[in-house]
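Below is coords_36.tsv, which holds TSV, C-alpha atoms.
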```tsv
chain	number	residue	atom	x	y	z
A	1	MET	CA	-15.79	-10.36	-16.51
A	2	GLY	CA	-12.65	-10.08	-18.66
A	3	LYS	CA	-9.49	-10.03	-16.59
A	4	LEU	CA	-11.50	-10.26	-13.36
A	5	SER	CA	-12.07	-13.98	-13.92
A	6	ASP	CA	-8.35	-14.63	-13.34
A	7	VAL	CA	-8.08	-12.53	-10.18
A	8	LYS	CA	-7.53	-14.40	-6.92
A	9	MET	CA	-6.34	-11.52	-4.72
A	10	PHE	CA	-7.51	-7.90	-4.42
A	11	VAL	CA	-4.91	-5.50	-3.02
A	12	LEU	CA	-6.98	-2.65	-1.62
A	13	ASP	CA	-5.85	0.91	-1.08
A	14	MET	CA	-7.36	2.39	2.06
A	15	ASP	CA	-8.28	6.10	2.28
A	16	GLY	CA	-10.63	6.93	-0.57
A	17	THR	CA	-11.17	3.26	-1.37
A	18	ILE	CA	-12.49	1.46	1.73
A	19	TYR	CA	-12.99	4.53	3.95
A	20	LEU	CA	-12.66	8.29	4.01
A	21	GLY	CA	-10.83	9.54	7.08
A	22	GLU	CA	-12.53	7.81	10.00
A	23	GLU	CA	-15.70	6.93	8.10
A	24	LEU	CA	-15.99	3.42	6.65
A	25	PHE	CA	-17.84	3.44	3.34
A	26	PRO	CA	-21.26	1.73	3.74
A	27	TYR	CA	-20.47	-0.82	1.00
A	28	THR	CA	-17.01	-1.91	2.24
A	29	LEU	CA	-18.00	-4.80	4.49
A	30	ASP	CA	-20.36	-6.17	1.83
A	31	PHE	CA	-17.53	-6.05	-0.72
A	32	LEU	CA	-15.14	-7.94	1.58
A	33	ARG	CA	-17.80	-10.59	2.24
A	34	ARG	CA	-18.46	-10.91	-1.49
A	35	VAL	CA	-14.76	-11.41	-2.24
A	36	LYS	CA	-14.61	-14.28	0.25
A	37	ALA	CA	-17.90	-15.77	-0.97
A	38	THR	CA	-16.50	-16.06	-4.50
A	39	GLY	CA	-13.42	-17.96	-3.27
A	40	ARG	CA	-11.09	-14.99	-3.64
A	41	ASP	CA	-9.09	-13.10	-1.03
A	42	PHE	CA	-8.05	-9.54	-0.19
A	43	CYS	CA	-5.35	-7.61	1.59
A	44	PHE	CA	-4.63	-3.93	2.18
A	45	PHE	CA	-1.76	-1.70	1.10
A	46	THR	CA	-1.05	1.91	2.07
A	47	ASN	CA	1.70	4.28	0.96
A	48	ASN	CA	1.38	6.32	4.16
A	49	SER	CA	4.78	6.03	5.89
A	50	SER	CA	3.85	8.29	8.82
A	51	LYS	CA	2.21	5.31	10.55
A	52	ASN	CA	3.02	1.63	10.90
A	53	ARG	CA	1.20	-1.65	10.39
A	54	ARG	CA	0.05	-1.76	14.02
A	55	ALA	CA	-1.74	1.59	13.73
A	56	TYR	CA	-3.59	0.50	10.60
A	57	LEU	CA	-4.60	-2.86	12.07
A	58	GLU	CA	-6.04	-0.99	15.07
A	59	LYS	CA	-7.94	1.39	12.78
A	60	LEU	CA	-9.37	-1.47	10.73
A	61	SER	CA	-10.38	-3.24	13.94
A	62	ARG	CA	-12.27	-0.13	15.11
A	63	MET	CA	-14.16	-0.26	11.81
A	64	GLY	CA	-15.10	-3.91	12.25
A	65	ILE	CA	-12.46	-5.34	9.91
A	66	LEU	CA	-10.32	-7.95	11.65
A	67	VAL	CA	-7.39	-9.21	9.58
A	68	PRO	CA	-4.08	-10.91	10.44
A	69	GLU	CA	-0.86	-8.91	10.27
A	70	GLU	CA	0.22	-10.40	6.95
A	71	LYS	CA	-2.84	-8.86	5.26
A	72	MET	CA	-1.77	-5.30	6.13
A	73	LEU	CA	0.98	-4.23	3.71
A	74	ILE	CA	2.66	-0.82	3.94
A	75	SER	CA	5.36	1.10	2.09
A	76	ASN	CA	7.57	0.89	5.20
A	77	GLY	CA	7.77	-2.86	4.66
A	78	VAL	CA	8.74	-2.44	0.99
A	79	ILE	CA	11.83	-0.35	1.71
A	80	LEU	CA	12.82	-2.46	4.75
A	81	ASP	CA	12.66	-5.66	2.68
A	82	TRP	CA	14.92	-4.08	0.06
A	83	LEU	CA	17.37	-2.68	2.62
A	84	ARG	CA	17.56	-6.06	4.35
A	85	GLU	CA	18.67	-7.64	1.07
A	86	ASN	CA	20.79	-4.83	-0.38
A	87	ARG	CA	22.27	-2.96	2.60
A	88	PRO	CA	22.49	-5.49	5.44
A	89	GLY	CA	24.19	-4.36	8.61
A	90	GLN	CA	24.30	-0.70	7.57
A	91	SER	CA	23.01	2.27	9.54
A	92	ALA	CA	20.33	4.78	8.56
A	93	TYR	CA	19.43	8.38	9.27
A	94	VAL	CA	15.62	8.39	9.13
A	95	VAL	CA	13.64	11.56	8.51
A	96	GLY	CA	10.36	10.17	9.79
A	97	THR	CA	7.86	9.84	12.58
A	98	PRO	CA	8.52	7.80	15.72
A	99	ALA	CA	6.35	5.05	14.14
A	100	LEU	CA	8.65	4.82	11.09
A	101	GLU	CA	11.76	4.89	13.29
A	102	GLU	CA	10.25	2.07	15.37
A	103	ASP	CA	9.74	-0.04	12.24
A	104	PHE	CA	13.43	0.40	11.37
A	105	LYS	CA	14.51	-0.55	14.90
A	106	GLU	CA	12.27	-3.64	14.91
A	107	ALA	CA	13.82	-4.65	11.56
A	108	GLY	CA	17.27	-4.50	13.17
A	109	VAL	CA	18.45	-1.36	11.36
A	110	ALA	CA	20.76	0.79	13.47
A	111	LEU	CA	19.80	4.48	13.48
A	112	SER	CA	22.62	7.02	13.35
A	113	GLY	CA	22.53	10.80	13.63
A	114	THR	CA	26.27	11.23	13.14
A	115	ALA	CA	27.65	9.04	10.34
A	116	PRO	CA	24.86	6.98	8.68
A	117	ASP	CA	25.50	4.74	5.68
A	118	TYR	CA	22.34	6.07	4.00
A	119	VAL	CA	19.44	8.51	4.50
A	120	VAL	CA	15.74	7.60	4.43
A	121	LEU	CA	13.00	10.18	3.85
A	122	GLY	CA	9.50	9.31	5.06
A	123	PHE	CA	6.18	11.13	5.39
A	124	ASP	CA	7.33	12.99	8.48
A	125	THR	CA	4.55	14.81	10.31
A	126	THR	CA	7.15	15.55	13.05
A	127	LEU	CA	9.55	17.22	10.61
A	128	THR	CA	11.98	19.82	11.98
A	129	TYR	CA	14.53	22.08	10.31
A	130	GLU	CA	17.29	20.24	12.18
A	131	LYS	CA	16.26	16.93	10.62
A	132	LEU	CA	16.40	18.50	7.16
A	133	ARG	CA	19.77	20.12	7.87
A	134	LEU	CA	21.34	16.86	8.99
A	135	ALA	CA	19.83	14.84	6.14
A	136	CYS	CA	21.12	17.29	3.53
A	137	ASN	CA	24.58	17.34	5.14
A	138	PHE	CA	24.81	13.53	5.07
A	139	ILE	CA	23.66	13.43	1.43
A	140	ARG	CA	26.15	16.10	0.39
A	141	ALA	CA	28.83	14.03	2.11
A	142	GLY	CA	27.95	11.09	-0.16
A	143	ALA	CA	25.28	9.10	1.68
A	144	PRO	CA	22.69	7.64	-0.73
A	145	VAL	CA	19.10	8.73	-0.10
A	146	TYR	CA	15.88	6.70	-0.35
A	147	GLY	CA	12.26	7.86	-0.16
A	148	VAL	CA	9.65	5.61	1.39
A	149	ASN	CA	6.69	6.87	-0.71
A	150	PRO	CA	6.46	9.39	-3.57
A	151	ASP	CA	3.09	11.03	-2.71
A	152	TRP	CA	3.20	14.81	-2.97
A	153	ASN	CA	0.30	15.40	-0.57
A	154	CYS	CA	-1.82	13.53	1.95
A	155	PRO	CA	-5.57	14.27	2.17
A	156	VAL	CA	-6.88	15.30	5.56
A	157	GLU	CA	-10.33	15.06	7.08
A	158	GLY	CA	-12.55	17.98	6.29
A	159	GLY	CA	-10.88	18.53	2.94
A	160	GLY	CA	-7.49	19.85	1.92
A	161	PHE	CA	-4.02	18.34	1.96
A	162	ILE	CA	-0.73	18.38	3.88
A	163	PRO	CA	2.77	17.90	2.37
A	164	ASP	CA	3.72	14.23	2.05
A	165	CYS	CA	7.03	12.41	1.53
A	166	GLY	CA	7.37	13.43	-2.13
A	167	SER	CA	7.27	17.09	-1.19
A	168	ILE	CA	9.88	16.61	1.54
A	169	ALA	CA	12.08	14.80	-0.99
A	170	ALA	CA	11.65	17.69	-3.43
A	171	LEU	CA	12.91	20.11	-0.78
A	172	VAL	CA	15.92	17.89	-0.11
A	173	LYS	CA	16.64	17.65	-3.84
A	174	ALA	CA	16.45	21.44	-4.19
A	175	SER	CA	19.11	21.76	-1.49
A	176	THR	CA	21.41	18.87	-2.47
A	177	GLY	CA	20.73	18.30	-6.17
A	178	VAL	CA	20.15	14.60	-5.38
A	179	GLN	CA	16.93	12.83	-6.35
A	180	CYS	CA	16.06	9.95	-4.04
A	181	GLU	CA	14.85	6.56	-5.18
A	182	PHE	CA	11.26	5.87	-4.07
A	183	PHE	CA	9.86	2.56	-2.81
A	184	GLY	CA	6.08	2.89	-2.33
A	185	LYS	CA	3.46	2.74	-5.06
A	186	PRO	CA	4.00	3.01	-8.05
A	187	SER	CA	7.59	1.69	-7.85
A	188	ARG	CA	8.44	-1.76	-9.15
A	189	HIS	CA	9.75	-2.47	-5.65
A	190	THR	CA	6.15	-2.31	-4.40
A	191	LEU	CA	4.76	-4.58	-7.11
A	192	ASP	CA	7.49	-7.15	-6.41
A	193	TYR	CA	6.64	-6.88	-2.69
A	194	MET	CA	2.92	-7.43	-3.36
A	195	LEU	CA	3.59	-10.50	-5.49
A	196	LYS	CA	6.03	-11.92	-2.95
A	197	HIS	CA	3.81	-11.40	0.07
A	198	THR	CA	0.59	-12.63	-1.57
A	199	GLY	CA	2.20	-15.56	-3.38
A	200	CYS	CA	0.25	-14.64	-6.52
A	201	GLN	CA	1.19	-14.61	-10.18
A	202	PRO	CA	0.71	-11.19	-11.84
A	203	GLN	CA	-2.51	-12.19	-13.64
A	204	GLU	CA	-3.97	-13.35	-10.30
A	205	LEU	CA	-3.55	-9.93	-8.66
A	206	ALA	CA	-5.80	-6.86	-8.86
A	207	VAL	CA	-4.77	-3.50	-7.39
A	208	VAL	CA	-7.74	-1.36	-6.37
A	209	GLY	CA	-7.41	2.33	-5.52
A	210	ASP	CA	-8.47	5.92	-6.11
A	211	ARG	CA	-5.17	7.45	-7.31
A	212	LEU	CA	-4.00	7.18	-10.89
A	213	TYR	CA	-0.34	8.04	-10.24
A	214	THR	CA	0.16	5.49	-7.46
A	215	ASP	CA	-2.57	2.80	-7.27
A	216	ILE	CA	-3.09	2.47	-11.02
A	217	ALA	CA	0.45	3.26	-12.17
A	218	VAL	CA	1.93	0.44	-10.05
A	219	ALA	CA	0.31	-2.11	-12.39
A	220	ALA	CA	1.08	-0.31	-15.65
A	221	GLY	CA	2.76	-2.48	-18.29
A	222	THR	CA	2.18	-5.72	-16.35
A	223	GLU	CA	-0.40	-8.50	-16.24
A	224	VAL	CA	-1.68	-7.16	-12.89
A	225	THR	CA	-5.24	-5.80	-13.19
A	226	SER	CA	-5.71	-2.18	-12.14
A	227	ILE	CA	-9.12	-1.06	-10.90
A	228	LEU	CA	-9.85	2.63	-10.33
A	229	VAL	CA	-12.57	3.62	-7.87
A	230	MET	CA	-14.12	7.07	-8.23
A	231	SER	CA	-14.80	7.35	-4.48
A	232	GLY	CA	-11.59	9.23	-3.65
A	233	GLU	CA	-9.12	11.58	-5.28
A	234	THR	CA	-9.65	11.02	-9.02
A	235	THR	CA	-12.23	13.12	-10.85
A	236	PRO	CA	-13.64	12.34	-14.32
A	237	GLU	CA	-11.55	15.23	-15.66
A	238	LEU	CA	-8.32	13.82	-14.17
A	239	LEU	CA	-9.11	10.39	-15.59
A	240	ALA	CA	-9.80	11.77	-19.07
A	241	SER	CA	-6.51	13.69	-19.19
A	242	SER	CA	-4.29	11.01	-17.62
A	243	GLN	CA	-1.68	9.08	-19.58
A	244	VAL	CA	-2.01	6.32	-16.97
A	245	GLN	CA	-5.27	4.45	-17.57
A	246	PRO	CA	-6.82	1.66	-15.46
A	247	ASP	CA	-8.04	-1.67	-16.79
A	248	LEU	CA	-11.39	-1.08	-15.12
A	249	VAL	CA	-13.21	1.96	-13.71
A	250	VAL	CA	-15.98	1.58	-11.12
A	251	GLU	CA	-17.91	4.07	-9.04
A	252	ASN	CA	-16.79	2.35	-5.82
A	253	ILE	CA	-16.02	-1.11	-4.46
A	254	GLY	CA	-19.73	-1.61	-3.89
A	255	ALA	CA	-20.18	-1.53	-7.66
A	256	LEU	CA	-17.16	-3.83	-8.04
A	257	ALA	CA	-18.77	-6.37	-5.70
A	258	GLU	CA	-21.72	-6.66	-8.11
A	259	MET	CA	-19.28	-7.68	-10.87
A	260	LEU	CA	-17.79	-10.61	-8.94
```
Would you encode the structure as structure tokens?
Amino acid sequence: MGKLSDVKMFVLDMDGTIYLGEELFPYTLDFLRRVKATGRDFCFFTNNSSKNRRAYLEKLSRMGILVPEEKMLISNGVILDWLRENRPGQSAYVVGTPALEEDFKEAGVALSGTAPDYVVLGFDTTLTYEKLRLACNFIRAGAPVYGVNPDWNCPVEGGGFIPDCGSIAALVKASTGVQCEFFGKPSRHTLDYMLKHTGCQPQELAVVGDRLYTDIAVAAGTEVTSILVMSGETTPELLASSQVQPDLVVENIGALAEML
């Protein structure tokens, strides 16, 4: 069992870990039942800032997974928690989808397209050249810039990828020379958020996911257990060549359930 014996909470990535696109893996529900049967608990975390918590709760519900709101964590919440503490009462220019903008409004953050205090870059599937132009102008004028999640690409159903927040931030950096600070996995902001919202000590938390540079890297150098599943993005070749290594490698969460 090793470090697993200390784990009380599994923080589960979503796409590539519990489902692929719209298809729930056949072992997911059994894993969730097994976690509960052993007196442990689980929650979900996604870096995808193009959607909000509500959309993910609806998707989980369609797949037969009913969880309360507090069990659905998202990178949007990480940056909003930090902004609430560090930039209260300030306005934002958000390069993001209507769902991300709605999260900012619900958090009480004023949105400004003329003179914002800071700029936020999200995974914007509604991106326009005008949004980029304005964001770069505000940054060049001195507004600090924050990125919701650092992912370069997002996998799409049927194979392939589309540019994610990290790629949008790279374009903005190429134009302005300014590198944004990121808040999703693997940032320390996210790990602090996970610990705060689960109420766990580091050794009681396990992060489970299919990406080395986000899911596994978020736990690097800490007492948090990292568990890599080979049901998503990571290939054996990527794992062998990676500087970031997980505490445990399993074929999928079905195999993990047999270890609990």
Original post:
Hey, can you check how far CA of Pro26 (chain A) sits from CA of Cys200 (chain A)?
Top reply: 28.9 Å
**OP:** One decimal, Å: what's the distance from CA of Ser231 (chain A) over to CA of Leu248 (chain A), could you say?
**Re:** 14.0 Å
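A straight line drawn from CA of Gln179 (chain A) to CA of Leu73 (chain A) is 25.4 Å long.
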Once you count only C-alpha atoms, what closest atom pair and distance in Å to one decimal does each residue of region 58-84 of chain A within 9 Å of region 89-104 of chain A have, with rows by chain and rising residue number, as CSV?
```
residue,atom,partner,partner_atom,distance
A:Asn76,CA,A:Leu100,CA,7.2
A:Gly77,CA,A:Asp103,CA,8.3
A:Leu80,CA,A:Phe104,CA,7.2
A:Leu83,CA,A:Gln90,CA,8.7
A:Arg84,CA,A:Gly89,CA,8.1
```
Subject >> Distance query 6 Å from (-16.2, 7.2, -10.7) using all atoms listed in the file, result as a list in words >> reply: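 Using all atoms listed in the file, the matching residues come out as Val229, Met230, Val250 and Glu251 of chain A.
The smallest atom-to-atom distance between Lys131 (chain A) and any of A:Val172, A:Ala206, A:Val109, A:Ala143, using only C-alpha atoms, is found for A:Val172.
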Original post:
Smallest atom-to-atom distance to Leu12 (chain A): which of A:Leu32, A:Val145, A:Cys136, A:Ile162, using only C-alpha atoms?
Top reply: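 Result for the nearest residue to Leu12 (chain A): A:Leu32.
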Spatial neighbours of Trp82 (chain A), max dist 12 Å, only C-alpha atoms, sep filter under 3 positions, as a compact mmCIF listing (two decimals) with C-alpha atoms, keeping the file's coordinate frame:
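out16.txt, freshly written:
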```
# COMPACT_ATOMS: atom_id res chain seq x y z
CA SER A 75 5.36 1.10 2.09
CA ASN A 76 7.57 0.89 5.20
CA GLY A 77 7.77 -2.86 4.66
CA VAL A 78 8.74 -2.44 0.99
CA ILE A 79 11.83 -0.35 1.71
CA GLU A 85 18.67 -7.64 1.07
CA ASN A 86 20.79 -4.83 -0.38
CA ARG A 87 22.27 -2.96 2.60
CA PRO A 88 22.49 -5.49 5.44
CA ALA A 107 13.82 -4.65 11.56
CA TYR A 146 15.88 6.70 -0.35
CA VAL A 148 9.65 5.61 1.39
CA GLU A 181 14.85 6.56 -5.18
CA PHE A 182 11.26 5.87 -4.07
CA PHE A 183 9.86 2.56 -2.81
CA GLY A 184 6.08 2.89 -2.33
CA ARG A 188 8.44 -1.76 -9.15
CA HIS A 189 9.75 -2.47 -5.65
CA THR A 190 6.15 -2.31 -4.40
CA ASP A 192 7.49 -7.15 -6.41
CA TYR A 193 6.64 -6.88 -2.69
```
In the coordinate frame of the file, compute which residues have an atom within 9 Å of (-2.8, 8.5, 0.6) when using all atoms listed in the file, and state them as an mmCIF file with C-alpha atoms, in the frame of the given file.
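File result-v5.cif, as written:
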```
data_model
loop_
_atom_site.group_PDB
_atom_site.id
_atom_site.type_symbol
_atom_site.label_atom_id
_atom_site.label_comp_id
_atom_site.auth_asym_id
_atom_site.auth_seq_id
_atom_site.Cartn_x
_atom_site.Cartn_y
_atom_site.Cartn_z
ATOM 1 C CA ASP A 13 -5.850 0.910 -1.080
ATOM 2 C CA MET A 14 -7.360 2.390 2.060
ATOM 3 C CA ASP A 15 -8.280 6.100 2.280
ATOM 4 C CA GLY A 16 -10.630 6.930 -0.570
ATOM 5 C CA THR A 46 -1.050 1.910 2.070
ATOM 6 C CA ASN A 47 1.700 4.280 0.960
ATOM 7 C CA ASN A 48 1.380 6.320 4.160
ATOM 8 C CA ASP A 151 3.090 11.030 -2.710
ATOM 9 C CA ASN A 153 0.300 15.400 -0.570
ATOM 10 C CA CYS A 154 -1.820 13.530 1.950
ATOM 11 C CA PRO A 155 -5.570 14.270 2.170
ATOM 12 C CA ASP A 164 3.720 14.230 2.050
ATOM 13 C CA ARG A 211 -5.170 7.450 -7.310
#
```
**OP:** Extract, using only C-alpha atoms, all DNA, RNA and protein residues at most 6 Å from Val11 (chain A), discarding same-chain residues fewer than 3 positions from it, and format them as a count of residues only.
**Re:** 4
At a cut-off of 9 Å, using all atoms listed in the file, what residues contact Ala220 (chain A)? Leave out same-chain residues fewer than 6 positions from it and give the result as a tab-separated table (two decimals) with C-alpha atoms, in the frame of the given file.
```tsv
chain	number	residue	atom	x	y	z
A	186	PRO	CA	4.00	3.01	-8.05
A	226	SER	CA	-5.71	-2.18	-12.14
A	244	VAL	CA	-2.01	6.32	-16.97
A	245	GLN	CA	-5.27	4.45	-17.57
A	246	PRO	CA	-6.82	1.66	-15.46
```
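Distance annotation: of A:Asp215, A:Glu157, A:Glu258, A:Asp117, the residue with the minimal separation from Ala141 (chain A) is A:Asp117; atom set is all atoms listed in the file.
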